[in-house]
Amino acid sequence: MDGTRRLVVGISGATGLVYGTRVLELARKAGLETHLVVTPAGQQTRAHETDLTARDLAAMADVVYRPADIGAAIASGSFRTAGMIVAPCSIRTLSAIAHSNGDNLLTRAADVTLKERRRLVLLVRETPLTLGHLRAMTAVTECGGIVMPPVPAFYLRPRTVDEIVEHTAGRALDLLGVDVPDLPRWGE
Ligand SMILES: Cc1cc2nc3c(=O)[nH]c(=O)nc-3n(C[C@H](O)[C@H](O)[C@H](O)COP(=O)(O)O)c2cc1C
């Protein structure tokens, strides 16, 4: 498979699991092959925030990995991908990535994405922010990552939570150059 059609998606344990599922849905619609890793805390938020089972979530991706499987394809730079989106991204996962700490498959795959100079988009979700959080965001930005907190754009006058989530997920895919049809855009 052409690496440019492969997307790695990480779901960590910040609130907003729905951002991850919407990225998976839009990526599938756009014809991408998705490679998913969900942390144990991500599975907890899935259970808290949605009616999806772990199996339902897995069915939304083409390939699913266990977080402990640090020998999986996405742990190597030789496995070509278009990049990676972590949605939502917890502060713990942000910190691990910012400090090149590949302690599980999600953080390893993110580190590989950075070292291969591919796009890494982190939908970091926490509020308010400490200086430690901000420093981790700075560090990951210095390494080439993109910090994209899932903050709604009200100028598009969203009517539903779904519209807000879809717009953010679509903008994250935009950053990887993925064409998301019908994404509302200012001026269009
Ligand atoms: C319901 C719930 C909501 C949470 N929301 C957040 C959050 O918004 N941001 C965050 O950084 N951590 C949040 N946490 C805490 C993380 O899940 C926790 O720090 C965990 O160790 C993250 O692990 P991970 O990065 O491996 O997924 C939340 C935990 C739970 C159970």
# chains A, B, ... in the order shown; residues from 1 in each chain; ligands from 1

$ closest_atom_pairs --of "chain A" --to "ligand 1" --cutoff "8 Å" --atoms "only C-alpha atoms and all ligand atoms" --output "tab-separated table"
residue	atom	partner	partner_atom_place_in_ligand_line	distance
A:Ile11	CA	ligand 1	27 (O)	7.2
A:Ser12	CA	ligand 1	27 (O)	3.6
A:Gly13	CA	ligand 1	27 (O)	3.6
A:Ala14	CA	ligand 1	6 (C)	3.5
A:Thr15	CA	ligand 1	5 (N)	4.0
A:Gly16	CA	ligand 1	8 (O)	7.2
A:Val38	CA	ligand 1	27 (O)	7.6
A:Thr39	CA	ligand 1	27 (O)	4.9
A:Pro40	CA	ligand 1	27 (O)	6.3
A:Ala41	CA	ligand 1	27 (O)	4.4
A:Gly42	CA	ligand 1	27 (O)	5.2
A:Gln44	CA	ligand 1	31 (C)	6.0
A:Thr45	CA	ligand 1	1 (C)	5.0
A:His48	CA	ligand 1	1 (C)	6.1
A:Glu49	CA	ligand 1	1 (C)	7.4
A:Cys89	CA	ligand 1	25 (O)	6.9
A:Ser90	CA	ligand 1	11 (O)	3.5
A:Ile91	CA	ligand 1	11 (O)	3.8
A:Arg92	CA	ligand 1	25 (O)	4.4
A:Thr93	CA	ligand 1	25 (O)	3.9
A:Leu94	CA	ligand 1	25 (O)	7.4
A:Val124	CA	ligand 1	11 (O)	7.4
A:Arg125	CA	ligand 1	8 (O)	4.9
A:Glu126	CA	ligand 1	9 (N)	4.4
A:Thr127	CA	ligand 1	8 (O)	7.4

$ residues_around --residues "Glu163 of chain A" --least-positions-apart "2" --cutoff "12 Å" --atoms "only C-alpha atoms" --output "PyMOL selection string"
chain A and resi 18-19+22+152-154+156-161+165-170+182-184

$ residues_around --residues "segment 107-122 of chain A" --least-positions-apart "4" --cutoff "10 Å" --atoms "only C-alpha atoms" --output "ChimeraX atom specification"
/A:8-10,12,37,39,67,70-90,93-103,137,140-141,143-150,172-173,175-177

$ atom_distance --atom1 "atom CA of Asp51 of chain A" --atom2 "atom CA of Arg6 of chain A"
27.4 Å

$ select_by_dssp --residues "chain A" --states "strand (DSSP E)" --output "ChimeraX atom specification"
/A:6-11,33-38,63-65,83-89,119-124,146-147

$ write_last_selection --atoms "N, CA and C atoms" --output "CSV table (one decimal), in the first residue's frame"
chain,number,residue,atom,x,y,z
A,6,ARG,N,-1.9,5.9,4.2
A,6,ARG,CA,-2.0,5.3,5.5
A,6,ARG,C,-2.0,6.4,6.6
A,7,LEU,N,-2.9,6.3,7.6
A,7,LEU,CA,-2.9,7.2,8.7
A,7,LEU,C,-2.9,6.5,10.0
A,8,VAL,N,-2.0,6.9,10.9
A,8,VAL,CA,-1.9,6.3,12.2
A,8,VAL,C,-2.8,7.2,13.1
A,9,VAL,N,-3.7,6.6,13.9
A,9,VAL,CA,-4.5,7.3,14.8
A,9,VAL,C,-4.3,6.8,16.2
A,10,GLY,N,-4.0,7.7,17.2
A,10,GLY,CA,-3.8,7.3,18.6
A,10,GLY,C,-5.0,7.9,19.4
A,11,ILE,N,-5.5,7.1,20.3
A,11,ILE,CA,-6.6,7.6,21.2
A,11,ILE,C,-6.1,7.4,22.6
A,33,GLU,N,-6.2,4.2,4.8
A,33,GLU,CA,-6.1,3.0,5.6
A,33,GLU,C,-5.7,3.5,7.0
A,34,THR,N,-6.5,3.2,8.0
A,34,THR,CA,-6.3,3.7,9.3
A,34,THR,C,-5.6,2.6,10.2
A,35,HIS,N,-4.6,3.0,11.0
A,35,HIS,CA,-3.9,2.1,11.9
A,35,HIS,C,-4.1,2.7,13.3
A,36,LEU,N,-4.8,2.0,14.2
A,36,LEU,CA,-5.3,2.5,15.5
A,36,LEU,C,-4.6,1.9,16.7
A,37,VAL,N,-4.2,2.8,17.6
A,37,VAL,CA,-3.8,2.3,18.9
A,37,VAL,C,-4.5,3.1,20.0
A,38,VAL,N,-5.1,2.4,21.0
A,38,VAL,CA,-5.9,3.1,22.0
A,38,VAL,C,-5.2,2.7,23.4
A,63,VAL,N,-6.6,-1.5,10.8
A,63,VAL,CA,-5.7,-2.3,11.6
A,63,VAL,C,-5.6,-1.7,13.0
A,64,VAL,N,-5.7,-2.6,14.0
A,64,VAL,CA,-5.7,-2.2,15.4
A,64,VAL,C,-4.6,-2.9,16.1
A,65,TYR,N,-3.9,-2.1,17.0
A,65,TYR,CA,-2.7,-2.7,17.7
A,65,TYR,C,-3.0,-2.5,19.2
A,83,GLY,N,1.3,10.2,8.3
A,83,GLY,CA,1.4,10.9,9.5
A,83,GLY,C,0.5,10.3,10.6
A,84,MET,N,0.4,11.0,11.6
A,84,MET,CA,-0.4,10.5,12.8
A,84,MET,C,-1.2,11.6,13.5
A,85,ILE,N,-2.4,11.2,13.9
A,85,ILE,CA,-3.2,12.2,14.7
A,85,ILE,C,-3.5,11.5,16.0
A,86,VAL,N,-3.3,12.2,17.1
A,86,VAL,CA,-3.6,11.7,18.4
A,86,VAL,C,-4.8,12.5,18.9
A,87,ALA,N,-6.0,11.8,19.0
A,87,ALA,CA,-7.3,12.5,19.3
A,87,ALA,C,-8.2,11.7,20.1
A,88,PRO,N,-8.4,12.0,21.4
A,88,PRO,CA,-7.8,13.2,22.0
A,88,PRO,C,-6.4,12.8,22.6
A,89,CYS,N,-5.6,13.8,22.9
A,89,CYS,CA,-4.3,13.6,23.4
A,89,CYS,C,-4.3,14.1,24.9
A,119,ARG,N,4.0,14.4,9.5
A,119,ARG,CA,3.1,15.2,10.3
A,119,ARG,C,2.6,14.5,11.5
A,120,LEU,N,2.7,15.2,12.7
A,120,LEU,CA,2.1,14.7,13.9
A,120,LEU,C,1.2,15.7,14.5
A,121,VAL,N,-0.1,15.4,14.6
A,121,VAL,CA,-1.1,16.4,15.1
A,121,VAL,C,-1.7,15.9,16.4
A,122,LEU,N,-1.5,16.7,17.4
A,122,LEU,CA,-2.0,16.3,18.8
A,122,LEU,C,-3.2,17.2,19.2
A,123,LEU,N,-4.3,16.5,19.4
A,123,LEU,CA,-5.5,17.3,19.9
A,123,LEU,C,-5.5,17.2,21.4
A,124,VAL,N,-4.6,18.1,21.9
A,124,VAL,CA,-4.3,18.1,23.4
A,124,VAL,C,-5.5,18.7,24.1
A,146,ILE,N,2.5,19.2,15.8
A,146,ILE,CA,1.5,20.3,15.8
A,146,ILE,C,0.6,20.1,16.9
A,147,VAL,N,0.5,21.1,17.8
A,147,VAL,CA,-0.4,21.0,18.9
A,147,VAL,C,-1.7,21.7,18.5

$ closest_residue --among "A:Leu106, A:Ala61, A:Ala47, A:Ala54" --to "Leu26 of chain A" --atoms "only C-alpha atoms"
A:Ala61

$ atom_distance --atom1 "atom CA of Ala59 of chain A" --atom2 "atom CA of Arg28 of chain A"
11.3 Å

$ closest_residue --among "A:Thr21, A:Ala136, A:Ala27, A:Arg66" --to "Arg5 of chain A" --atoms "only C-alpha atoms"
A:Ala27

$ select_by_dssp --residues "segment 85-126 of chain A" --states "alpha helix (DSSP H)" --output "count of residues only"
19

$ atom_distance --atom1 "atom CA of Asn104 of chain A" --atom2 "atom CA of Val178 of chain A"
26.8 Å

$ decode --residues "segment 82-100 of chain A" --atoms "N, CA and C atoms" --output "short mmCIF file (atom, residue, chain, number, x, y, z; two decimals), in the first residue's frame"
data_model
loop_
_atom_site.label_atom_id
_atom_site.label_comp_id
_atom_site.auth_asym_id
_atom_site.auth_seq_id
_atom_site.Cartn_x
_atom_site.Cartn_y
_atom_site.Cartn_z
N ALA A 82 1.32 8.56 6.11
CA ALA A 82 1.17 9.98 5.82
C ALA A 82 1.39 10.81 7.08
N GLY A 83 1.28 10.16 8.25
CA GLY A 83 1.43 10.87 9.51
C GLY A 83 0.51 10.28 10.56
N MET A 84 0.38 11.02 11.65
CA MET A 84 -0.37 10.50 12.79
C MET A 84 -1.18 11.62 13.45
N ILE A 85 -2.38 11.25 13.89
CA ILE A 85 -3.21 12.17 14.67
C ILE A 85 -3.50 11.50 16.01
N VAL A 86 -3.26 12.22 17.10
CA VAL A 86 -3.63 11.72 18.43
C VAL A 86 -4.84 12.52 18.89
N ALA A 87 -5.99 11.82 18.98
CA ALA A 87 -7.25 12.51 19.25
C ALA A 87 -8.15 11.65 20.13
N PRO A 88 -8.41 12.04 21.35
CA PRO A 88 -7.81 13.19 22.03
C PRO A 88 -6.43 12.83 22.57
N CYS A 89 -5.64 13.85 22.88
CA CYS A 89 -4.30 13.63 23.43
C CYS A 89 -4.28 14.11 24.88
N SER A 90 -3.99 13.19 25.79
CA SER A 90 -3.91 13.55 27.21
C SER A 90 -2.58 14.25 27.47
N ILE A 91 -2.51 14.90 28.61
CA ILE A 91 -1.26 15.55 29.00
C ILE A 91 -0.17 14.50 29.23
N ARG A 92 -0.56 13.36 29.77
CA ARG A 92 0.45 12.31 29.98
C ARG A 92 1.08 11.89 28.66
N THR A 93 0.22 11.66 27.66
CA THR A 93 0.74 11.25 26.34
C THR A 93 1.52 12.38 25.69
N LEU A 94 1.01 13.61 25.79
CA LEU A 94 1.76 14.77 25.28
C LEU A 94 3.17 14.81 25.89
N SER A 95 3.25 14.66 27.21
CA SER A 95 4.56 14.75 27.89
C SER A 95 5.50 13.66 27.43
N ALA A 96 4.95 12.44 27.30
CA ALA A 96 5.80 11.33 26.84
C ALA A 96 6.34 11.62 25.45
N ILE A 97 5.47 12.11 24.56
CA ILE A 97 5.91 12.39 23.18
C ILE A 97 6.93 13.54 23.19
N ALA A 98 6.65 14.56 23.99
CA ALA A 98 7.53 15.74 24.03
C ALA A 98 8.94 15.36 24.48
N HIS A 99 9.04 14.28 25.28
CA HIS A 99 10.35 13.89 25.80
C HIS A 99 10.85 12.59 25.19
N SER A 100 10.33 12.27 24.00
CA SER A 100 10.80 11.10 23.24
C SER A 100 10.71 9.81 24.04
#
